[in-house]
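Listing of coords.txt, compact mmCIF, N, CA and C atoms
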# COMPACT_ATOMS: atom_id res chain seq x y z
N MET A 13 5.65 -14.67 -34.34
CA MET A 13 5.34 -13.69 -33.32
C MET A 13 4.67 -14.31 -32.11
N ALA A 14 3.84 -15.32 -32.32
CA ALA A 14 3.15 -15.95 -31.20
C ALA A 14 4.15 -16.55 -30.21
N ASP A 15 5.25 -17.11 -30.70
CA ASP A 15 6.26 -17.70 -29.82
C ASP A 15 6.93 -16.62 -28.96
N LEU A 16 7.19 -15.45 -29.57
CA LEU A 16 7.80 -14.36 -28.81
C LEU A 16 6.85 -13.83 -27.75
N LYS A 17 5.56 -13.75 -28.08
CA LYS A 17 4.59 -13.29 -27.08
C LYS A 17 4.52 -14.26 -25.92
N ALA A 18 4.52 -15.55 -26.20
CA ALA A 18 4.50 -16.56 -25.15
C ALA A 18 5.76 -16.47 -24.29
N PHE A 19 6.91 -16.26 -24.95
CA PHE A 19 8.17 -16.11 -24.23
C PHE A 19 8.14 -14.87 -23.34
N ALA A 20 7.64 -13.78 -23.88
CA ALA A 20 7.54 -12.54 -23.10
C ALA A 20 6.63 -12.74 -21.90
N GLU A 21 5.54 -13.44 -22.08
CA GLU A 21 4.60 -13.71 -20.99
C GLU A 21 5.28 -14.53 -19.90
N GLN A 22 6.09 -15.51 -20.31
CA GLN A 22 6.82 -16.33 -19.34
C GLN A 22 7.82 -15.47 -18.56
N LEU A 23 8.52 -14.58 -19.24
CA LEU A 23 9.50 -13.71 -18.57
C LEU A 23 8.83 -12.81 -17.55
N VAL A 24 7.72 -12.22 -17.93
CA VAL A 24 7.02 -11.29 -17.04
C VAL A 24 6.50 -12.00 -15.80
N ASN A 25 6.14 -13.25 -15.92
CA ASN A 25 5.57 -13.99 -14.80
C ASN A 25 6.60 -14.73 -13.94
N LEU A 26 7.88 -14.51 -14.18
CA LEU A 26 8.91 -15.16 -13.38
C LEU A 26 8.92 -14.60 -11.96
N THR A 27 9.20 -15.47 -11.00
CA THR A 27 9.39 -15.01 -9.62
C THR A 27 10.81 -14.46 -9.49
N VAL A 28 11.07 -13.80 -8.39
CA VAL A 28 12.41 -13.25 -8.16
C VAL A 28 13.44 -14.37 -8.13
N LYS A 29 13.09 -15.47 -7.51
CA LYS A 29 14.02 -16.61 -7.45
C LYS A 29 14.32 -17.13 -8.85
N GLU A 30 13.30 -17.24 -9.69
CA GLU A 30 13.49 -17.72 -11.05
C GLU A 30 14.33 -16.73 -11.88
N VAL A 31 14.15 -15.45 -11.65
CA VAL A 31 14.96 -14.44 -12.36
C VAL A 31 16.42 -14.59 -11.97
N ASN A 32 16.67 -14.82 -10.69
CA ASN A 32 18.05 -15.01 -10.24
C ASN A 32 18.66 -16.27 -10.84
N GLU A 33 17.88 -17.34 -10.92
CA GLU A 33 18.37 -18.58 -11.54
C GLU A 33 18.67 -18.36 -13.02
N LEU A 34 17.79 -17.64 -13.71
CA LEU A 34 18.00 -17.34 -15.13
C LEU A 34 19.27 -16.51 -15.31
N ALA A 35 19.47 -15.53 -14.45
CA ALA A 35 20.67 -14.70 -14.53
C ALA A 35 21.93 -15.55 -14.36
N GLN A 36 21.88 -16.49 -13.42
CA GLN A 36 23.04 -17.35 -13.18
C GLN A 36 23.31 -18.25 -14.39
N ILE A 37 22.27 -18.80 -15.00
CA ILE A 37 22.43 -19.64 -16.20
C ILE A 37 23.03 -18.84 -17.34
N LEU A 38 22.52 -17.63 -17.58
CA LEU A 38 23.03 -16.78 -18.65
C LEU A 38 24.51 -16.45 -18.43
N LYS A 39 24.87 -16.22 -17.18
CA LYS A 39 26.26 -15.88 -16.86
C LYS A 39 27.18 -17.10 -17.02
N ASP A 40 26.76 -18.23 -16.43
CA ASP A 40 27.62 -19.42 -16.43
C ASP A 40 27.74 -20.06 -17.80
N GLU A 41 26.63 -20.22 -18.50
CA GLU A 41 26.65 -20.97 -19.76
C GLU A 41 26.92 -20.12 -20.99
N TYR A 42 26.58 -18.83 -20.94
CA TYR A 42 26.71 -18.00 -22.14
C TYR A 42 27.62 -16.80 -21.94
N GLY A 43 28.11 -16.58 -20.73
CA GLY A 43 29.02 -15.47 -20.48
C GLY A 43 28.34 -14.11 -20.53
N ILE A 44 27.05 -14.08 -20.34
CA ILE A 44 26.28 -12.82 -20.40
C ILE A 44 26.02 -12.34 -18.98
N GLU A 45 26.37 -11.07 -18.71
CA GLU A 45 26.07 -10.45 -17.41
C GLU A 45 24.70 -9.79 -17.52
N PRO A 46 23.64 -10.42 -17.06
CA PRO A 46 22.29 -9.90 -17.27
C PRO A 46 21.77 -9.00 -16.14
N ALA A 47 22.62 -8.22 -15.51
CA ALA A 47 22.17 -7.41 -14.37
C ALA A 47 21.03 -6.48 -14.76
N ALA A 48 21.17 -5.76 -15.85
CA ALA A 48 20.12 -4.83 -16.27
C ALA A 48 18.88 -5.59 -16.71
N ALA A 49 19.06 -6.72 -17.36
CA ALA A 49 17.92 -7.51 -17.81
C ALA A 49 17.15 -8.07 -16.63
N ALA A 50 17.87 -8.50 -15.59
CA ALA A 50 17.19 -9.05 -14.41
C ALA A 50 16.36 -7.99 -13.73
N VAL A 51 16.88 -6.78 -13.64
CA VAL A 51 16.12 -5.69 -13.04
C VAL A 51 14.91 -5.36 -13.91
N ALA A 52 15.08 -5.35 -15.20
CA ALA A 52 13.98 -5.03 -16.11
C ALA A 52 12.89 -6.08 -16.06
N VAL A 53 13.26 -7.34 -15.89
CA VAL A 53 12.26 -8.41 -15.81
C VAL A 53 11.61 -8.42 -14.44
N ALA A 54 12.38 -8.17 -13.38
CA ALA A 54 11.84 -8.22 -12.03
C ALA A 54 10.90 -7.05 -11.74
N ALA A 55 11.18 -5.90 -12.31
CA ALA A 55 10.36 -4.72 -12.03
C ALA A 55 8.91 -4.89 -12.47
N PRO A 56 8.62 -5.35 -13.69
CA PRO A 56 7.22 -5.54 -14.06
C PRO A 56 6.54 -6.60 -13.20
N ALA A 57 7.25 -7.64 -12.81
CA ALA A 57 6.66 -8.67 -11.96
C ALA A 57 6.32 -8.09 -10.60
N ALA A 58 7.20 -7.28 -10.05
CA ALA A 58 6.94 -6.67 -8.75
C ALA A 58 5.81 -5.66 -8.85
N ALA A 59 5.76 -4.90 -9.92
CA ALA A 59 4.69 -3.92 -10.10
C ALA A 59 3.35 -4.61 -10.22
N GLY A 60 3.31 -5.73 -10.90
CA GLY A 60 2.06 -6.47 -11.04
C GLY A 60 1.59 -7.00 -9.69
N ALA A 61 2.51 -7.45 -8.87
CA ALA A 61 2.15 -7.95 -7.55
C ALA A 61 1.62 -6.83 -6.67
N ALA A 62 2.24 -5.64 -6.77
CA ALA A 62 1.79 -4.52 -5.97
C ALA A 62 0.41 -4.05 -6.39
N ALA A 63 0.12 -4.13 -7.67
CA ALA A 63 -1.17 -3.68 -8.16
C ALA A 63 -2.29 -4.63 -7.77
N GLU A 64 -1.94 -5.88 -7.49
CA GLU A 64 -2.96 -6.86 -7.16
C GLU A 64 -3.66 -6.53 -5.84
N GLU A 65 -2.90 -6.26 -4.79
CA GLU A 65 -3.52 -5.98 -3.51
C GLU A 65 -2.65 -5.03 -2.70
N LYS A 66 -3.26 -3.98 -2.26
CA LYS A 66 -2.58 -2.99 -1.45
C LYS A 66 -2.54 -3.50 -0.01
N THR A 67 -1.41 -3.35 0.66
CA THR A 67 -1.28 -3.88 2.01
C THR A 67 -1.14 -2.79 3.07
N SER A 68 -0.92 -1.58 2.67
CA SER A 68 -0.72 -0.49 3.61
C SER A 68 -1.74 0.62 3.31
N PHE A 69 -2.46 1.04 4.34
CA PHE A 69 -3.52 2.03 4.15
C PHE A 69 -3.33 3.22 5.08
N ASP A 70 -3.76 4.39 4.60
CA ASP A 70 -3.77 5.60 5.40
C ASP A 70 -5.23 5.94 5.71
N VAL A 71 -5.51 6.32 6.96
CA VAL A 71 -6.84 6.74 7.35
C VAL A 71 -6.87 8.26 7.31
N VAL A 72 -7.73 8.80 6.44
CA VAL A 72 -7.80 10.24 6.23
C VAL A 72 -9.14 10.75 6.71
N LEU A 73 -9.12 11.71 7.65
CA LEU A 73 -10.33 12.36 8.12
C LEU A 73 -10.66 13.47 7.12
N LYS A 74 -11.78 13.30 6.41
CA LYS A 74 -12.16 14.29 5.40
C LYS A 74 -12.97 15.43 6.01
N ALA A 75 -13.87 15.10 6.95
CA ALA A 75 -14.69 16.12 7.60
C ALA A 75 -15.17 15.57 8.94
N ALA A 76 -15.35 16.46 9.92
CA ALA A 76 -15.75 16.04 11.25
C ALA A 76 -17.24 15.71 11.34
N GLY A 77 -18.05 16.33 10.50
CA GLY A 77 -19.48 16.09 10.57
C GLY A 77 -20.14 16.97 11.61
N ALA A 78 -21.36 16.63 11.97
CA ALA A 78 -22.15 17.47 12.87
C ALA A 78 -21.68 17.39 14.32
N ASN A 79 -21.18 16.24 14.75
CA ASN A 79 -20.79 16.05 16.15
C ASN A 79 -19.27 16.19 16.30
N LYS A 80 -18.77 17.40 16.13
CA LYS A 80 -17.34 17.66 16.11
C LYS A 80 -16.66 17.31 17.44
N LEU A 81 -17.30 17.60 18.54
CA LEU A 81 -16.71 17.32 19.85
C LEU A 81 -16.45 15.82 20.03
N ALA A 82 -17.41 15.00 19.65
CA ALA A 82 -17.24 13.55 19.76
C ALA A 82 -16.10 13.07 18.86
N ILE A 83 -15.96 13.67 17.68
CA ILE A 83 -14.89 13.29 16.76
C ILE A 83 -13.53 13.68 17.34
N VAL A 84 -13.43 14.87 17.95
CA VAL A 84 -12.17 15.30 18.57
C VAL A 84 -11.78 14.32 19.67
N LYS A 85 -12.75 13.94 20.51
CA LYS A 85 -12.46 12.98 21.59
C LYS A 85 -12.01 11.63 21.03
N LEU A 86 -12.68 11.18 19.98
CA LEU A 86 -12.34 9.90 19.37
C LEU A 86 -10.96 9.95 18.71
N VAL A 87 -10.66 11.02 18.01
CA VAL A 87 -9.34 11.18 17.39
C VAL A 87 -8.26 11.19 18.47
N LYS A 88 -8.53 11.88 19.56
CA LYS A 88 -7.59 11.91 20.69
C LYS A 88 -7.33 10.50 21.21
N GLU A 89 -8.39 9.73 21.38
CA GLU A 89 -8.28 8.37 21.87
C GLU A 89 -7.56 7.45 20.89
N LEU A 90 -7.90 7.55 19.62
CA LEU A 90 -7.34 6.64 18.60
C LEU A 90 -5.88 6.94 18.28
N THR A 91 -5.50 8.21 18.32
CA THR A 91 -4.14 8.58 17.92
C THR A 91 -3.18 8.74 19.08
N GLY A 92 -3.72 8.92 20.30
CA GLY A 92 -2.86 9.14 21.45
C GLY A 92 -2.36 10.57 21.55
N LEU A 93 -2.94 11.46 20.75
CA LEU A 93 -2.57 12.87 20.78
C LEU A 93 -3.21 13.56 21.98
N GLY A 94 -2.70 14.74 22.28
CA GLY A 94 -3.33 15.57 23.31
C GLY A 94 -4.61 16.18 22.76
N LEU A 95 -5.41 16.77 23.65
CA LEU A 95 -6.68 17.34 23.23
C LEU A 95 -6.50 18.45 22.20
N LYS A 96 -5.54 19.35 22.41
CA LYS A 96 -5.32 20.44 21.47
C LYS A 96 -4.87 19.92 20.10
N GLU A 97 -3.95 18.95 20.09
CA GLU A 97 -3.48 18.39 18.83
C GLU A 97 -4.60 17.67 18.09
N ALA A 98 -5.43 16.94 18.82
CA ALA A 98 -6.55 16.24 18.20
C ALA A 98 -7.54 17.25 17.62
N LYS A 99 -7.82 18.34 18.36
CA LYS A 99 -8.73 19.38 17.88
C LYS A 99 -8.16 20.04 16.63
N ASP A 100 -6.86 20.34 16.65
CA ASP A 100 -6.22 20.95 15.48
C ASP A 100 -6.30 20.02 14.27
N MET A 101 -6.14 18.72 14.49
CA MET A 101 -6.21 17.77 13.40
C MET A 101 -7.62 17.73 12.81
N VAL A 102 -8.63 17.74 13.67
CA VAL A 102 -10.02 17.72 13.20
C VAL A 102 -10.35 19.03 12.50
N ASP A 103 -9.91 20.15 13.07
CA ASP A 103 -10.16 21.46 12.45
C ASP A 103 -9.46 21.58 11.10
N GLY A 104 -8.32 20.92 10.95
CA GLY A 104 -7.54 21.00 9.72
C GLY A 104 -7.91 19.96 8.68
N ALA A 105 -9.05 19.31 8.86
CA ALA A 105 -9.47 18.26 7.91
C ALA A 105 -9.55 18.84 6.51
N PRO A 106 -9.17 18.09 5.49
CA PRO A 106 -8.74 16.70 5.51
C PRO A 106 -7.32 16.55 6.05
N SER A 107 -7.14 15.53 6.90
CA SER A 107 -5.83 15.26 7.47
C SER A 107 -5.66 13.77 7.70
N ASN A 108 -4.41 13.32 7.60
CA ASN A 108 -4.10 11.90 7.83
C ASN A 108 -4.09 11.63 9.32
N LEU A 109 -4.94 10.72 9.77
CA LEU A 109 -4.95 10.36 11.19
C LEU A 109 -3.87 9.34 11.49
N LYS A 110 -3.83 8.29 10.68
CA LYS A 110 -2.82 7.26 10.84
C LYS A 110 -2.39 6.79 9.46
N GLU A 111 -1.13 6.39 9.35
CA GLU A 111 -0.58 5.97 8.07
C GLU A 111 0.05 4.59 8.19
N GLY A 112 0.03 3.86 7.07
CA GLY A 112 0.71 2.57 7.00
C GLY A 112 0.06 1.46 7.80
N LEU A 113 -1.25 1.49 7.92
CA LEU A 113 -1.96 0.47 8.69
C LEU A 113 -2.33 -0.73 7.83
N ALA A 114 -2.52 -1.85 8.47
CA ALA A 114 -3.04 -3.03 7.79
C ALA A 114 -4.50 -2.76 7.44
N LYS A 115 -5.00 -3.47 6.44
CA LYS A 115 -6.35 -3.23 5.94
C LYS A 115 -7.40 -3.37 7.04
N ALA A 116 -7.33 -4.42 7.83
CA ALA A 116 -8.33 -4.66 8.88
C ALA A 116 -8.32 -3.55 9.92
N GLU A 117 -7.13 -3.12 10.32
CA GLU A 117 -7.01 -2.06 11.32
C GLU A 117 -7.53 -0.73 10.77
N ALA A 118 -7.19 -0.44 9.52
CA ALA A 118 -7.65 0.80 8.89
C ALA A 118 -9.18 0.82 8.76
N GLU A 119 -9.75 -0.32 8.38
CA GLU A 119 -11.21 -0.38 8.24
C GLU A 119 -11.90 -0.27 9.59
N ALA A 120 -11.29 -0.81 10.65
CA ALA A 120 -11.86 -0.70 11.99
C ALA A 120 -11.87 0.76 12.45
N LEU A 121 -10.77 1.49 12.20
CA LEU A 121 -10.72 2.91 12.55
C LEU A 121 -11.75 3.70 11.77
N LYS A 122 -11.85 3.39 10.49
CA LYS A 122 -12.81 4.09 9.63
C LYS A 122 -14.23 3.86 10.15
N LYS A 123 -14.54 2.63 10.52
CA LYS A 123 -15.88 2.30 11.01
C LYS A 123 -16.19 3.08 12.29
N GLN A 124 -15.24 3.13 13.23
CA GLN A 124 -15.44 3.85 14.48
C GLN A 124 -15.71 5.34 14.22
N LEU A 125 -14.91 5.92 13.36
CA LEU A 125 -15.06 7.35 13.07
C LEU A 125 -16.37 7.64 12.35
N GLU A 126 -16.76 6.78 11.41
CA GLU A 126 -18.00 6.99 10.67
C GLU A 126 -19.21 6.82 11.58
N GLU A 127 -19.14 5.88 12.53
CA GLU A 127 -20.25 5.70 13.47
C GLU A 127 -20.42 6.93 14.35
N ALA A 128 -19.34 7.65 14.61
CA ALA A 128 -19.40 8.86 15.40
C ALA A 128 -19.84 10.07 14.57
N GLY A 129 -19.90 9.90 13.25
CA GLY A 129 -20.41 10.97 12.37
C GLY A 129 -19.38 11.61 11.47
N ALA A 130 -18.16 11.13 11.48
CA ALA A 130 -17.10 11.73 10.65
C ALA A 130 -17.15 11.17 9.25
N GLU A 131 -16.58 11.93 8.33
CA GLU A 131 -16.41 11.46 6.94
C GLU A 131 -14.95 11.05 6.81
N VAL A 132 -14.73 9.75 6.49
CA VAL A 132 -13.39 9.17 6.49
C VAL A 132 -13.12 8.49 5.17
N GLU A 133 -11.85 8.48 4.77
CA GLU A 133 -11.44 7.85 3.52
C GLU A 133 -10.19 7.02 3.78
N LEU A 134 -10.08 5.87 3.12
CA LEU A 134 -8.87 5.06 3.18
C LEU A 134 -8.10 5.27 1.90
N LYS A 135 -6.82 5.51 2.02
CA LYS A 135 -5.97 5.67 0.83
C LYS A 135 -4.89 4.64 0.85
How would this structure read if it were set down as structure tokens?
Amino acid sequence: MADLKAFAEQLVNLTVKEVNELAQILKDEYGIEPAAAAVAVAAPAAAGAAAEEKTSFDVVLKAAGANKLAIVKLVKELTGLGLKEAKDMVDGAPSNLKEGLAKAEAEALKKQLEEAGAEVELK
């Protein structure tokens, strides 16, 4: 059993390039079409990589706080929305201000909004 566990561990840790090479070897030398196996092996490896570090963040305004007017102006400035749209977004909190941002950019927006008194969350 220990050998199978070690083998399974090696399979799970294969890169996409290595999975493709393995698929080619199985096809050429053994006549096995491993399309489903390659997908099954690549999926856990990709899922593990995604779980390691998130690269895309959404900035969510949870509450405007005490200084609502300043938050509306800041949301207007940060999002490029008109005054009415920015006010509606702040009034409708929780709402997504921006989506799909890099970590540094999302944290910078969060810091600006929190300094102005808003309650912000990164997802």
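Considering only chain A, backbone DSSP assigns strand (DSSP E or B) to Phe69, Asp70, Val71, Val72, Leu73, Lys74, Ala75, Ser107, Asn108, Leu109, Lys110, Glu111, Gly112, Leu113, Glu131, Val132, Glu133 and Leu134 of chain A.
Comparing A:Ala20, A:Thr27, A:Gly104, A:Val72 by their smallest distance to Lys135 in chain A, the closest is A:Val72 (using all atoms listed in the file).
Straight-line separation from atom C of Leu90 in chain A to atom C of Ser107 in chain A: 12.6 Å.
Remark: for Met101 in chain A, the closest of the candidate residues A:Val84, A:Val28, A:Ala120, A:Gly129 is A:Val84 (distances computed over only C-alpha atoms).
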- Within 7 Å of Leu73 in chain A using only C-alpha atoms, minus same-chain residues under 6 positions, as an NGL selection string: :A and (105-109 or 131-133)
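Minimum distance to Gly112 in chain A across A:Asp70, A:Glu30, A:Glu41, A:Glu89 (counting all atoms listed in the file) occurs at A:Asp70.
Closest approach to Leu134 in chain A among A:Lys96, A:Lys17, A:Lys66, A:Lys122 is made by A:Lys122 (distances from all atoms listed in the file).
Of the residues under consideration (A:Lys123, A:Lys115, A:Gly94, A:Asp103), A:Asp103 shows the shortest atom-to-atom contact distance to Gly77 in chain A when counting only C-alpha atoms.
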- Message: Quick check, in Å to one decimal: how far apart do atom C of Glu21 in chain A and atom N of Leu38 in chain A lie?
- Response: 17.7 Å
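Across A:Leu86, A:Ala130, A:Ala18, A:Val31, the tightest approach to Ala98 in chain A is made by A:Leu86 when counting only C-alpha atoms.
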- Task: Mind listing the alpha helix (DSSP H) residues of range 102-131 of chain A, per DSSP on the backbone, as number ranges by chain?
- Result: A: 102-103, 115-127
Incomplete range 103-114 of chain A filled out to all heavy atoms as a JSON list (two decimals), keeping the file's coordinate frame:
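So part23.json came out as:
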[["chain", "number", "residue", "atom", "x", "y", "z"],
["A", 103, "ASP", "N", -9.91, 20.15, 13.07],
["A", 103, "ASP", "CA", -10.16, 21.46, 12.45],
["A", 103, "ASP", "C", -9.46, 21.58, 11.10],
["A", 103, "ASP", "O", -9.94, 22.25, 10.20],
["A", 103, "ASP", "CB", -9.68, 22.60, 13.35],
["A", 103, "ASP", "CG", -10.59, 22.80, 14.57],
["A", 103, "ASP", "OD1", -11.75, 22.31, 14.53],
["A", 103, "ASP", "OD2", -10.14, 23.43, 15.54],
["A", 104, "GLY", "N", -8.32, 20.92, 10.95],
["A", 104, "GLY", "CA", -7.54, 21.00, 9.72],
["A", 104, "GLY", "C", -7.91, 19.96, 8.68],
["A", 104, "GLY", "O", -7.17, 19.74, 7.72],
["A", 105, "ALA", "N", -9.05, 19.31, 8.86],
["A", 105, "ALA", "CA", -9.47, 18.26, 7.91],
["A", 105, "ALA", "C", -9.55, 18.84, 6.51],
["A", 105, "ALA", "O", -9.94, 19.99, 6.34],
["A", 105, "ALA", "CB", -10.81, 17.68, 8.33],
["A", 106, "PRO", "N", -9.17, 18.09, 5.49],
["A", 106, "PRO", "CA", -8.74, 16.70, 5.51],
["A", 106, "PRO", "C", -7.32, 16.55, 6.05],
["A", 106, "PRO", "O", -6.44, 17.33, 5.72],
["A", 106, "PRO", "CB", -8.81, 16.27, 4.04],
["A", 106, "PRO", "CG", -8.65, 17.52, 3.27],
["A", 106, "PRO", "CD", -9.21, 18.63, 4.13],
["A", 107, "SER", "N", -7.14, 15.53, 6.90],
["A", 107, "SER", "CA", -5.83, 15.26, 7.47],
["A", 107, "SER", "C", -5.66, 13.77, 7.70],
["A", 107, "SER", "O", -6.63, 13.05, 7.97],
["A", 107, "SER", "CB", -5.66, 16.03, 8.79],
["A", 107, "SER", "OG", -6.71, 15.72, 9.68],
["A", 108, "ASN", "N", -4.41, 13.32, 7.60],
["A", 108, "ASN", "CA", -4.10, 11.90, 7.83],
["A", 108, "ASN", "C", -4.09, 11.63, 9.32],
["A", 108, "ASN", "O", -3.32, 12.25, 10.06],
["A", 108, "ASN", "CB", -2.73, 11.54, 7.25],
["A", 108, "ASN", "CG", -2.74, 11.47, 5.74],
["A", 108, "ASN", "OD1", -3.78, 11.57, 5.11],
["A", 108, "ASN", "ND2", -1.57, 11.29, 5.18],
["A", 109, "LEU", "N", -4.94, 10.72, 9.77],
["A", 109, "LEU", "CA", -4.95, 10.36, 11.19],
["A", 109, "LEU", "C", -3.87, 9.34, 11.49],
["A", 109, "LEU", "O", -3.14, 9.47, 12.45],
["A", 109, "LEU", "CB", -6.32, 9.79, 11.58],
["A", 109, "LEU", "CG", -7.51, 10.74, 11.50],
["A", 109, "LEU", "CD1", -8.77, 10.05, 11.96],
["A", 109, "LEU", "CD2", -7.25, 11.97, 12.33],
["A", 110, "LYS", "N", -3.83, 8.29, 10.68],
["A", 110, "LYS", "CA", -2.82, 7.26, 10.84],
["A", 110, "LYS", "C", -2.39, 6.79, 9.46],
["A", 110, "LYS", "O", -3.20, 6.76, 8.54],
["A", 110, "LYS", "CB", -3.37, 6.08, 11.64],
["A", 110, "LYS", "CG", -3.55, 6.38, 13.13],
["A", 110, "LYS", "CD", -3.54, 5.11, 13.93],
["A", 110, "LYS", "CE", -3.50, 5.45, 15.40],
["A", 110, "LYS", "NZ", -3.32, 4.25, 16.21],
["A", 111, "GLU", "N", -1.13, 6.39, 9.35],
["A", 111, "GLU", "CA", -0.58, 5.97, 8.07],
["A", 111, "GLU", "C", 0.05, 4.59, 8.19],
["A", 111, "GLU", "O", 0.53, 4.21, 9.25],
["A", 111, "GLU", "CB", 0.47, 6.98, 7.59],
["A", 111, "GLU", "CG", -0.09, 8.36, 7.35],
["A", 111, "GLU", "CD", 0.97, 9.38, 6.95],
["A", 111, "GLU", "OE1", 2.17, 9.07, 7.05],
["A", 111, "GLU", "OE2", 0.58, 10.48, 6.55],
["A", 112, "GLY", "N", 0.03, 3.86, 7.07],
["A", 112, "GLY", "CA", 0.71, 2.57, 7.00],
["A", 112, "GLY", "C", 0.06, 1.46, 7.80],
["A", 112, "GLY", "O", 0.74, 0.59, 8.31],
["A", 113, "LEU", "N", -1.25, 1.49, 7.92],
["A", 113, "LEU", "CA", -1.96, 0.47, 8.69],
["A", 113, "LEU", "C", -2.33, -0.73, 7.83],
["A", 113, "LEU", "O", -2.51, -0.60, 6.62],
["A", 113, "LEU", "CB", -3.25, 1.06, 9.27],
["A", 113, "LEU", "CG", -3.10, 2.24, 10.23],
["A", 113, "LEU", "CD1", -4.47, 2.75, 10.63],
["A", 113, "LEU", "CD2", -2.32, 1.83, 11.46],
["A", 114, "ALA", "N", -2.52, -1.85, 8.47],
["A", 114, "ALA", "CA", -3.04, -3.03, 7.79],
["A", 114, "ALA", "C", -4.50, -2.76, 7.44],
["A", 114, "ALA", "O", -5.16, -1.93, 8.07],
["A", 114, "ALA", "CB", -2.93, -4.25, 8.69]]
